[in-house]
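K.L.:
Could you have a look at this structure, given as structure tokens, before my questions?
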Amino acid sequence: MADLVVNSSTNEQILDITGQIQDELENRHHSGSGALAVNLLHTTAGLTMADLDPGTDQDFLDFLRAITPDIQWRHPHDPSHTPSHLLSSLIGTTLTIPFAGGRLQLGTWQRIILVELDGPRERRIAVAGLGS
């Protein structure tokens, strides 16, 4: 298992981490087949797959803002970042990605993205190989 570190630079941001996950596969899991378990070790960011055509990152963030109501939050520790916790839960923080021949098995337009919801921050991602 390995930890990757990703640094965001703004409060809300879409970060394409596909290359870093592929590099991790090549560096540690070689050419066999199996799956990678990818787990974001935080509760105010998300991990998912998306198409990242130009502007799609901003569309994604605009959508998240649109579904977040402007209400009084009851979270005892800094209520201002309650939406970040809730959106993280909706997006998810774990992916399982198959690989074969040393390559991630992704669709043509699929990119692995970290969705920063409470940055800028240093984010850690645990990556573990499953299978042969």
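Chain labels run A, B, ... following the order of the structure tokens; each chain numbers its residues from 1, and ligands are numbered from 1 in the order shown.
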Residues within 7 Å of A:Val6, please, as a PyMOL selection string. Count only C-alpha atoms; anything in the same chain fewer than 6 positions from it doesn't count.

P.N.:
chain A and resi 122-124

K.L.:
Got a sec to tell me which of stretch 42-111 of chain A DSSP assigns to alpha helix (DSSP H), as a list in words?

P.N.:
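Reading the DSSP output for stretch 42-111 of chain A, alpha helix (DSSP H) covers Thr56, Asp57, Gln58, Asp59, Phe60, Leu61, Asp62, Phe63, Leu64, Arg65, Ala66, Thr82, Pro83, Ser84, His85, Leu86, Leu87, Ser88, Ser89, Leu90 and Ile91 of chain A.
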
K.L.:
Run DSSP on the backbone and tell me which residues of chain A come out as strand (DSSP E or B); list them as a PyMOL selection string.

P.N.:
chain A and resi 2-7+13-16+34-40+45-50+94-100+103-104+111-116+122-130

K.L.:
Name the residues in contact with stretch 1-4 of chain A at a cut-off of 9 Å, using only C-alpha atoms, excluding same-chain residues fewer than 6 positions from it; report them as a list in words.

P.N.:
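In the requested form, the answer reads Gln20, Ile21, Glu24, Arg28, Arg123, Arg124, Ile125, Ala126, Val127, Ala128 and Gly129 of chain A.
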
K.L.:
Of the residues A:Leu40, A:Arg111, A:Leu87, A:Gly131, which is the one nearest to A:Phe63, using only C-alpha atoms?

P.N.:
A:Leu87
